[in-house]
$ cat query19.cif   # mmCIF, C-alpha atoms and all ligand atoms; chains and numbers go by the auth columns
data_query
#
loop_
_atom_site.group_PDB
_atom_site.id
_atom_site.type_symbol
_atom_site.label_atom_id
_atom_site.label_comp_id
_atom_site.label_asym_id
_atom_site.label_seq_id
_atom_site.Cartn_x
_atom_site.Cartn_y
_atom_site.Cartn_z
_atom_site.B_iso_or_equiv
_atom_site.auth_seq_id
_atom_site.auth_asym_id
ATOM 1 C CA MET A 1 24.757 24.948 -18.248 0.00 1 R
ATOM 2 C CA THR A 2 22.545 22.374 -19.975 0.00 2 R
ATOM 3 C CA SER A 3 19.103 21.801 -18.564 0.00 3 R
ATOM 4 C CA GLU A 4 18.069 18.283 -17.729 0.00 4 R
ATOM 5 C CA LYS A 5 16.141 16.418 -20.428 0.00 5 R
ATOM 6 C CA LEU A 6 12.486 15.890 -19.532 0.00 6 R
ATOM 7 C CA HIS A 7 10.283 13.009 -20.625 0.00 7 R
ATOM 8 C CA ASP A 8 6.545 13.051 -21.218 0.00 8 R
ATOM 9 C CA VAL A 9 5.151 10.063 -19.392 0.00 9 R
ATOM 10 C CA ARG A 10 1.599 8.798 -19.228 0.00 10 R
ATOM 11 C CA LEU A 11 0.890 7.083 -15.926 0.00 11 R
ATOM 12 C CA HIS A 12 -2.230 4.994 -15.298 0.00 12 R
ATOM 13 C CA VAL A 13 -3.054 5.414 -11.634 0.00 13 R
ATOM 14 C CA ASN A 14 -6.208 4.265 -9.841 0.00 14 R
ATOM 15 C CA GLY A 15 -8.098 4.097 -13.129 0.00 15 R
ATOM 16 C CA SER A 16 -7.105 7.616 -14.232 0.00 16 R
ATOM 17 C CA VAL A 17 -4.478 8.853 -16.668 0.00 17 R
ATOM 18 C CA HIS A 18 -1.846 11.323 -15.442 0.00 18 R
ATOM 19 C CA GLU A 19 0.354 13.053 -18.023 0.00 19 R
ATOM 20 C CA VAL A 20 3.584 14.093 -16.339 0.00 20 R
ATOM 21 C CA ARG A 21 6.836 15.629 -17.570 0.00 21 R
ATOM 22 C CA VAL A 22 9.728 14.296 -15.550 0.00 22 R
ATOM 23 C CA PRO A 23 13.490 13.769 -15.700 0.00 23 R
ATOM 24 C CA ALA A 24 14.540 10.146 -16.239 0.00 24 R
ATOM 25 C CA ARG A 25 15.806 9.997 -12.656 0.00 25 R
ATOM 26 C CA ARG A 26 12.383 10.873 -11.176 0.00 26 R
ATOM 27 C CA LEU A 27 11.382 8.165 -8.722 0.00 27 R
ATOM 28 C CA LEU A 28 7.898 6.800 -9.157 0.00 28 R
ATOM 29 C CA SER A 29 7.188 7.633 -5.498 0.00 29 R
ATOM 30 C CA ASP A 30 8.067 11.286 -6.145 0.00 30 R
ATOM 31 C CA ALA A 31 6.097 11.367 -9.403 0.00 31 R
ATOM 32 C CA LEU A 32 3.018 10.044 -7.639 0.00 32 R
ATOM 33 C CA ARG A 33 3.328 12.511 -4.772 0.00 33 R
ATOM 34 C CA HIS A 34 4.581 15.639 -6.508 0.00 34 R
ATOM 35 C CA ASP A 35 3.425 15.317 -10.125 0.00 35 R
ATOM 36 C CA CYS A 36 0.155 13.433 -9.616 0.00 36 R
ATOM 37 C CA GLY A 37 -0.706 14.942 -6.222 0.00 37 R
ATOM 38 C CA LEU A 38 -1.304 11.510 -4.713 0.00 38 R
ATOM 39 C CA THR A 39 0.353 12.068 -1.355 0.00 39 R
ATOM 40 C CA GLY A 40 -1.107 8.933 0.214 0.00 40 R
ATOM 41 C CA THR A 41 2.038 7.098 -0.869 0.00 41 R
ATOM 42 C CA HIS A 42 4.577 7.831 1.853 0.00 42 R
ATOM 43 C CA VAL A 43 8.329 7.955 1.527 0.00 43 R
ATOM 44 C CA GLY A 44 10.408 6.831 4.481 0.00 44 R
ATOM 45 C CA CYS A 45 13.813 5.433 3.648 0.00 45 R
ATOM 46 C CA GLU A 46 13.983 5.748 -0.170 0.00 46 R
ATOM 47 C CA HIS A 47 16.149 2.623 -0.069 0.00 47 R
ATOM 48 C CA GLY A 48 13.578 -0.129 -0.438 0.00 48 R
ATOM 49 C CA VAL A 49 13.816 -1.030 3.243 0.00 49 R
ATOM 50 C CA CYS A 50 10.784 0.355 5.083 0.00 50 R
ATOM 51 C CA GLY A 51 7.917 -0.424 2.703 0.00 51 R
ATOM 52 C CA ALA A 52 6.074 2.843 3.377 0.00 52 R
ATOM 53 C CA CYS A 53 6.061 3.632 -0.357 0.00 53 R
ATOM 54 C CA THR A 54 4.565 0.297 -1.432 0.00 54 R
ATOM 55 C CA ILE A 55 2.065 0.537 -4.265 0.00 55 R
ATOM 56 C CA LEU A 56 0.534 -2.085 -6.536 0.00 56 R
ATOM 57 C CA VAL A 57 1.922 -2.343 -10.060 0.00 57 R
ATOM 58 C CA ASP A 58 -0.264 -4.609 -12.166 0.00 58 R
ATOM 59 C CA GLY A 59 -1.576 -5.944 -8.859 0.00 59 R
ATOM 60 C CA ALA A 60 1.791 -6.805 -7.329 0.00 60 R
ATOM 61 C CA PRO A 61 3.324 -4.914 -4.393 0.00 61 R
ATOM 62 C CA VAL A 62 6.264 -2.767 -5.497 0.00 62 R
ATOM 63 C CA ARG A 63 8.492 -0.287 -3.664 0.00 63 R
ATOM 64 C CA SER A 64 7.767 2.891 -5.602 0.00 64 R
ATOM 65 C CA CYS A 65 11.040 4.407 -4.343 0.00 65 R
ATOM 66 C CA LEU A 66 12.929 1.737 -6.275 0.00 66 R
ATOM 67 C CA MET A 67 11.216 2.354 -9.608 0.00 67 R
ATOM 68 C CA PHE A 68 11.598 5.243 -12.030 0.00 68 R
ATOM 69 C CA ALA A 69 8.455 6.969 -13.269 0.00 69 R
ATOM 70 C CA VAL A 70 9.568 6.444 -16.867 0.00 70 R
ATOM 71 C CA SER A 71 9.557 2.671 -16.218 0.00 71 R
ATOM 72 C CA ALA A 72 5.893 2.688 -15.271 0.00 72 R
ATOM 73 C CA VAL A 73 4.343 3.875 -18.535 0.00 73 R
ATOM 74 C CA ASP A 74 2.665 0.605 -19.453 0.00 74 R
ATOM 75 C CA ALA A 75 1.682 -0.367 -15.940 0.00 75 R
ATOM 76 C CA GLU A 76 -1.600 -0.225 -14.082 0.00 76 R
ATOM 77 C CA ILE A 77 -0.745 1.460 -10.784 0.00 77 R
ATOM 78 C CA THR A 78 -2.826 1.355 -7.628 0.00 78 R
ATOM 79 C CA THR A 79 -1.952 3.619 -4.715 0.00 79 R
ATOM 80 C CA VAL A 80 -3.580 3.654 -1.300 0.00 80 R
ATOM 81 C CA GLU A 81 -6.059 6.213 -2.667 0.00 81 R
ATOM 82 C CA GLY A 82 -7.258 3.557 -5.114 0.00 82 R
ATOM 83 C CA LEU A 83 -8.047 0.897 -2.531 0.00 83 R
ATOM 84 C CA THR A 84 -11.474 2.222 -1.558 0.00 84 R
ATOM 85 C CA GLU A 85 -14.505 0.570 -3.097 0.00 85 R
ATOM 86 C CA ALA A 86 -16.220 2.123 -6.124 0.00 86 R
ATOM 87 C CA ASP A 87 -18.939 3.593 -3.881 0.00 87 R
ATOM 88 C CA GLY A 88 -16.312 5.299 -1.691 0.00 88 R
ATOM 89 C CA SER A 89 -16.604 2.885 1.218 0.00 89 R
ATOM 90 C CA LEU A 90 -13.530 1.420 2.870 0.00 90 R
ATOM 91 C CA SER A 91 -11.963 -1.697 1.436 0.00 91 R
ATOM 92 C CA PRO A 92 -11.902 -4.776 3.705 0.00 92 R
ATOM 93 C CA VAL A 93 -8.266 -4.080 4.637 0.00 93 R
ATOM 94 C CA GLN A 94 -8.964 -0.427 5.412 0.00 94 R
ATOM 95 C CA GLN A 95 -12.032 -1.393 7.460 0.00 95 R
ATOM 96 C CA ALA A 96 -9.985 -3.974 9.334 0.00 96 R
ATOM 97 C CA PHE A 97 -7.346 -1.382 10.271 0.00 97 R
ATOM 98 C CA SER A 98 -10.143 0.801 11.595 0.00 98 R
ATOM 99 C CA ASP A 99 -11.739 -2.074 13.508 0.00 99 R
ATOM 100 C CA CYS A 100 -8.482 -3.327 15.057 0.00 100 R
ATOM 101 C CA HIS A 101 -6.627 -0.027 15.574 0.00 101 R
ATOM 102 C CA GLY A 102 -3.981 -1.108 13.092 0.00 102 R
ATOM 103 C CA LEU A 103 -2.471 2.357 12.835 0.00 103 R
ATOM 104 C CA GLN A 104 -1.027 4.841 15.241 0.00 104 R
ATOM 105 C CA CYS A 105 0.751 7.764 13.560 0.00 105 R
ATOM 106 C CA GLY A 106 -0.287 6.294 10.206 0.00 106 R
ATOM 107 C CA PHE A 107 2.962 6.959 8.390 0.00 107 R
ATOM 108 C CA CYS A 108 3.579 3.330 7.483 0.00 108 R
ATOM 109 C CA THR A 109 -0.103 2.558 6.940 0.00 109 R
ATOM 110 C CA PRO A 110 -0.408 3.108 3.160 0.00 110 R
ATOM 111 C CA GLY A 111 2.382 0.601 2.574 0.00 111 R
ATOM 112 C CA PHE A 112 0.783 -1.929 4.890 0.00 112 R
ATOM 113 C CA LEU A 113 -2.640 -1.498 3.268 0.00 113 R
ATOM 114 C CA THR A 114 -1.321 -2.114 -0.243 0.00 114 R
ATOM 115 C CA THR A 115 0.914 -4.979 0.871 0.00 115 R
ATOM 116 C CA ILE A 116 -1.897 -6.720 2.739 0.00 116 R
ATOM 117 C CA THR A 117 -4.369 -6.149 -0.093 0.00 117 R
ATOM 118 C CA ALA A 118 -2.038 -8.030 -2.438 0.00 118 R
ATOM 119 C CA GLY A 119 -1.142 -10.590 0.221 0.00 119 R
ATOM 120 C CA LEU A 120 -4.763 -11.538 0.851 0.00 120 R
ATOM 121 C CA ARG A 121 -5.306 -11.940 -2.870 0.00 121 R
ATOM 122 C CA ASP A 122 -2.607 -14.626 -2.844 0.00 122 R
ATOM 123 C CA ASN A 123 -3.625 -16.105 0.503 0.00 123 R
ATOM 124 C CA PRO A 124 -7.214 -15.134 1.399 0.00 124 R
ATOM 125 C CA ASP A 125 -7.302 -17.145 4.624 0.00 125 R
ATOM 126 C CA PRO A 126 -3.933 -16.772 6.359 0.00 126 R
ATOM 127 C CA SER A 127 -2.989 -18.223 9.722 0.00 127 R
ATOM 128 C CA GLU A 128 -1.509 -15.817 12.283 0.00 128 R
ATOM 129 C CA ASP A 129 1.991 -16.931 11.301 0.00 129 R
ATOM 130 C CA GLU A 130 1.186 -16.370 7.635 0.00 130 R
ATOM 131 C CA ALA A 131 -0.227 -12.946 8.484 0.00 131 R
ATOM 132 C CA ARG A 132 3.060 -12.069 10.194 0.00 132 R
ATOM 133 C CA GLU A 133 4.974 -13.303 7.195 0.00 133 R
ATOM 134 C CA MET A 134 2.745 -11.220 4.899 0.00 134 R
ATOM 135 C CA ILE A 135 3.802 -7.992 6.624 0.00 135 R
ATOM 136 C CA ALA A 136 7.396 -8.978 7.377 0.00 136 R
ATOM 137 C CA GLY A 137 8.804 -6.636 4.747 0.00 137 R
ATOM 138 C CA ASN A 138 7.156 -3.502 6.124 0.00 138 R
ATOM 139 C CA LEU A 139 8.445 -1.474 9.049 0.00 139 R
ATOM 140 C CA CYS A 140 6.279 0.352 11.571 0.00 140 R
ATOM 141 C CA ARG A 141 8.027 2.533 14.084 0.00 141 R
ATOM 142 C CA CYS A 142 4.978 2.950 16.317 0.00 142 R
ATOM 143 C CA THR A 143 3.716 -0.520 17.156 0.00 143 R
ATOM 144 C CA GLY A 144 4.638 -4.009 18.155 0.00 144 R
ATOM 145 C CA TYR A 145 2.754 -5.149 15.061 0.00 145 R
ATOM 146 C CA GLN A 146 0.119 -6.948 17.144 0.00 146 R
ATOM 147 C CA ASN A 147 -2.773 -4.837 15.890 0.00 147 R
ATOM 148 C CA ILE A 148 -1.519 -4.969 12.323 0.00 148 R
ATOM 149 C CA VAL A 149 -1.491 -8.771 12.449 0.00 149 R
ATOM 150 C CA LYS A 150 -5.001 -8.657 13.909 0.00 150 R
ATOM 151 C CA SER A 151 -5.991 -6.375 11.047 0.00 151 R
ATOM 152 C CA VAL A 152 -4.760 -8.892 8.478 0.00 152 R
ATOM 153 C CA LEU A 153 -6.872 -11.618 10.085 0.00 153 R
ATOM 154 C CA ARG A 154 -9.841 -9.287 10.444 0.00 154 R
ATOM 155 C CA ALA A 155 -9.606 -8.279 6.766 0.00 155 R
ATOM 156 C CA SER A 156 -9.540 -11.942 5.821 0.00 156 R
ATOM 157 C CA GLN A 157 -12.625 -12.475 7.964 0.00 157 R
ATOM 158 C CA ILE A 158 -14.454 -9.545 6.324 0.00 158 R
ATOM 159 C CA GLN A 159 -13.592 -11.016 2.931 0.00 159 R
ATOM 160 C CA GLY A 160 -14.995 -14.385 3.941 0.00 160 R
ATOM 161 C CA GLY A 161 -11.987 -16.152 5.401 0.00 161 R
ATOM 162 C CA THR A 162 -12.422 -18.321 8.464 0.00 162 R
ATOM 163 C CA LYS A 163 -9.216 -18.247 10.472 0.00 163 R
ATOM 164 C CA GLY A 164 -9.821 -14.719 11.739 0.00 164 R
ATOM 165 C CA GLU A 165 -12.888 -16.041 13.560 0.00 165 R
ATOM 166 C CA MET A 166 -10.637 -18.327 15.584 0.00 166 R
ATOM 167 C CA GLN A 167 -8.633 -15.426 16.993 0.00 167 R
ATOM 168 C CA GLY A 168 -10.228 -14.578 20.329 0.00 168 R
ATOM 169 C CA GLU A 169 -9.105 -10.970 20.282 0.00 169 R
ATOM 170 C CA ILE A 170 -10.508 -10.218 16.865 0.00 170 R
ATOM 171 C CA GLN A 171 -13.649 -8.174 17.056 0.00 171 R
ATOM 172 C CA GLU A 172 -16.814 -9.806 15.841 0.00 172 R
ATOM 173 C CA GLU A 173 -17.956 -8.582 12.459 0.00 173 R
ATOM 174 C CA ARG A 174 -20.514 -5.819 12.881 0.00 174 R
ATOM 175 C CA GLY A 175 -23.920 -7.152 12.247 0.00 175 R
HETATM 176 S S1 LIG B . 10.511 4.666 1.094 0.00 201 R
HETATM 177 FE FE1 LIG B . 10.487 3.027 -0.282 0.00 201 R
HETATM 178 S S2 LIG B . 10.945 1.293 0.921 0.00 201 R
HETATM 179 FE FE2 LIG B . 11.186 2.981 2.299 0.00 201 R
HETATM 180 S S1 LIG B . 1.777 3.677 12.641 0.00 202 R
HETATM 181 FE FE1 LIG B . 3.451 5.036 12.932 0.00 202 R
HETATM 182 S S2 LIG B . 5.072 4.190 11.768 0.00 202 R
HETATM 183 FE FE2 LIG B . 3.518 2.724 11.700 0.00 202 R
#
$ encode --input "query19.cif" --output "C-alpha cells"
Amino acid sequence: MTSEKLHDVRLHVNGSVHEVRVPARRLLSDALRHDCGLTGTHVGCEHGVCGACTILVDGAPVRSCLMFAVSAVDAEITTVEGLTEADGSLSPVQQAFSDCHGLQCGFCTPGFLTTITAGLRDNPDPSEDEAREMIAGNLCRCTGYQNIVKSVLRASQIQGGTKGEMQGEIQEERG
C-alpha cells in the first residue's frame, strides 16, 4: 500500500506563519482547525452552502471548505481569531454582536463575523435591506436573523456610519 504524498505548506494566518504538512486533498478549513489549531473557523456543511467556515483570503470572504490548503500558500488569511483589535479588544463587528445579541448557539457566528467585516469594508453605511443582503449567503439555524441584521447596523454605527442611528431598536452607543 502506498502512503499518500504530503506537501509542506506555509500558511500566513492572522499575521503568523504556520508550517503544515498536508495531503493535497486537505481542505483549508481542516488545515486551519486541525493543523493550525485555529478552531474558531467552524465547519457545517462542507459544501459551500452554510457559510460557517467563511474566512478572509486577502481580505475577501471565502468558504474555507471549498479551498485546498495547498492553494492558500501565497495568501494572507484572516480567521475569526484574527478579527480582534491589536490590543485584544473586540472589533466593531464583534462588539456589535455582543451589544445586539447577534448569536445564540454561536456555531454560525465566526462565518457571520468575517462576512460582515468584509461587507462593511465594501459598504460601511448599509441600509437595513443592504445589511440583509450582506448576510444572505450565511445560514443560522438558531435565529430569525433579526438580531444579526441589527448587529450589522450597529457595527456600522460603531465604525462611524449613520444609518444604524436611524434604527429605533438599535442600542445607543455606550458613552
Ligand atoms: S462548511 Fe463551508 S460553507 Fe458550510
Ligand atoms: S447562532 Fe446557532 S446556528 Fe447561528
$ closest_residue --input "query19.cif" --among "R:His34, R:His42, R:His7, R:Arg154" --to "Val80 of chain R" --atoms "all atoms listed in the file"
R:His42
$ closest_atom_pairs --input "query19.cif" --of "chain R" --to "ligand LIG 202 (chain R)" --cutoff "8 Å" --atoms "all atoms listed in the file" --output "Markdown table"
| residue | atom | partner | partner_atom | distance |
| --- | --- | --- | --- | --- |
| R:Gly102 | CA | R:LIG202 | S1 | 7.5 |
| R:Leu103 | CA | R:LIG202 | S1 | 4.5 |
| R:Gln104 | CA | R:LIG202 | S1 | 4.0 |
| R:Cys105 | CA | R:LIG202 | FE1 | 3.9 |
| R:Gly106 | CA | R:LIG202 | S1 | 4.1 |
| R:Phe107 | CA | R:LIG202 | S2 | 4.9 |
| R:Cys108 | CA | R:LIG202 | FE2 | 4.3 |
| R:Thr109 | CA | R:LIG202 | FE2 | 6.0 |
| R:Leu139 | CA | R:LIG202 | FE2 | 7.0 |
| R:Cys140 | CA | R:LIG202 | FE2 | 3.6 |
| R:Arg141 | CA | R:LIG202 | S2 | 4.1 |
| R:Cys142 | CA | R:LIG202 | FE1 | 4.3 |
| R:Thr143 | CA | R:LIG202 | FE2 | 6.4 |
$ closest_atom_pairs --input "query19.cif" --of "chain R" --to "ligand LIG 201 (chain R)" --cutoff "9 Å" --atoms "all atoms listed in the file" --output "Markdown table"
| residue | atom | partner | partner_atom | distance |
| --- | --- | --- | --- | --- |
| R:Ser29 | CA | R:LIG201 | FE1 | 7.7 |
| R:His42 | CA | R:LIG201 | S1 | 6.8 |
| R:Val43 | CA | R:LIG201 | S1 | 4.0 |
| R:Gly44 | CA | R:LIG201 | S1 | 4.0 |
| R:Cys45 | CA | R:LIG201 | FE2 | 3.8 |
| R:Glu46 | CA | R:LIG201 | S1 | 3.9 |
| R:His47 | CA | R:LIG201 | S2 | 5.5 |
| R:Gly48 | CA | R:LIG201 | S2 | 3.3 |
| R:Val49 | CA | R:LIG201 | S2 | 4.4 |
| R:Cys50 | CA | R:LIG201 | FE2 | 3.8 |
| R:Gly51 | CA | R:LIG201 | S2 | 3.9 |
| R:Ala52 | CA | R:LIG201 | FE2 | 5.2 |
| R:Cys53 | CA | R:LIG201 | FE1 | 4.5 |
| R:Thr54 | CA | R:LIG201 | FE1 | 6.6 |
| R:Val62 | CA | R:LIG201 | FE1 | 8.9 |
| R:Arg63 | CA | R:LIG201 | FE1 | 5.1 |
| R:Ser64 | CA | R:LIG201 | FE1 | 6.0 |
| R:Cys65 | CA | R:LIG201 | FE1 | 4.3 |
| R:Leu66 | CA | R:LIG201 | FE1 | 6.6 |
| R:Gly111 | CA | R:LIG201 | S2 | 8.7 |
| R:Asn138 | CA | R:LIG201 | S2 | 8.0 |
| R:Leu139 | CA | R:LIG201 | FE2 | 8.5 |
$ closest_residue --input "query19.cif" --among "R:Cys36, R:Ile148, R:Val93, R:Leu27" --to "Ala72 of chain R" --atoms "all atoms listed in the file"
R:Leu27
$ residues_around --input "query19.cif" --residues "segment 9-20 of chain R" --least-positions-apart "3" --cutoff "6 Å" --atoms "all atoms listed in the file" --output "PyMOL selection string"
chain R and resi 73+76-78+82
$ atom_distance --input "query19.cif" --atom1 "atom CA of Ile135 of chain R" --atom2 "atom CA of Arg25 of chain R"
29.0 Å
$ closest_residue --input "query19.cif" --among "R:Leu113, R:Ala118, R:Val152, R:Ala69" --to "Ala131 of chain R" --atoms "all atoms listed in the file"
R:Val152
$ atom_distance --input "query19.cif" --atom1 "atom CA of Pro61 of chain R" --atom2 "atom CA of Gly161 of chain R"
21.4 Å
$ resolve_selection --input "query19.cif" --expression "the PyMOL selection byres (((chain R and resi 22) around 7) and not hetatm)" --output "MDAnalysis selection string"
chainID R and resid 6:8 20:21 23:24 26
$ atom_distance --input "query19.cif" --atom1 "atom CA of Met134 of chain R" --atom2 "atom CA of Thr162 of chain R"
17.1 Å
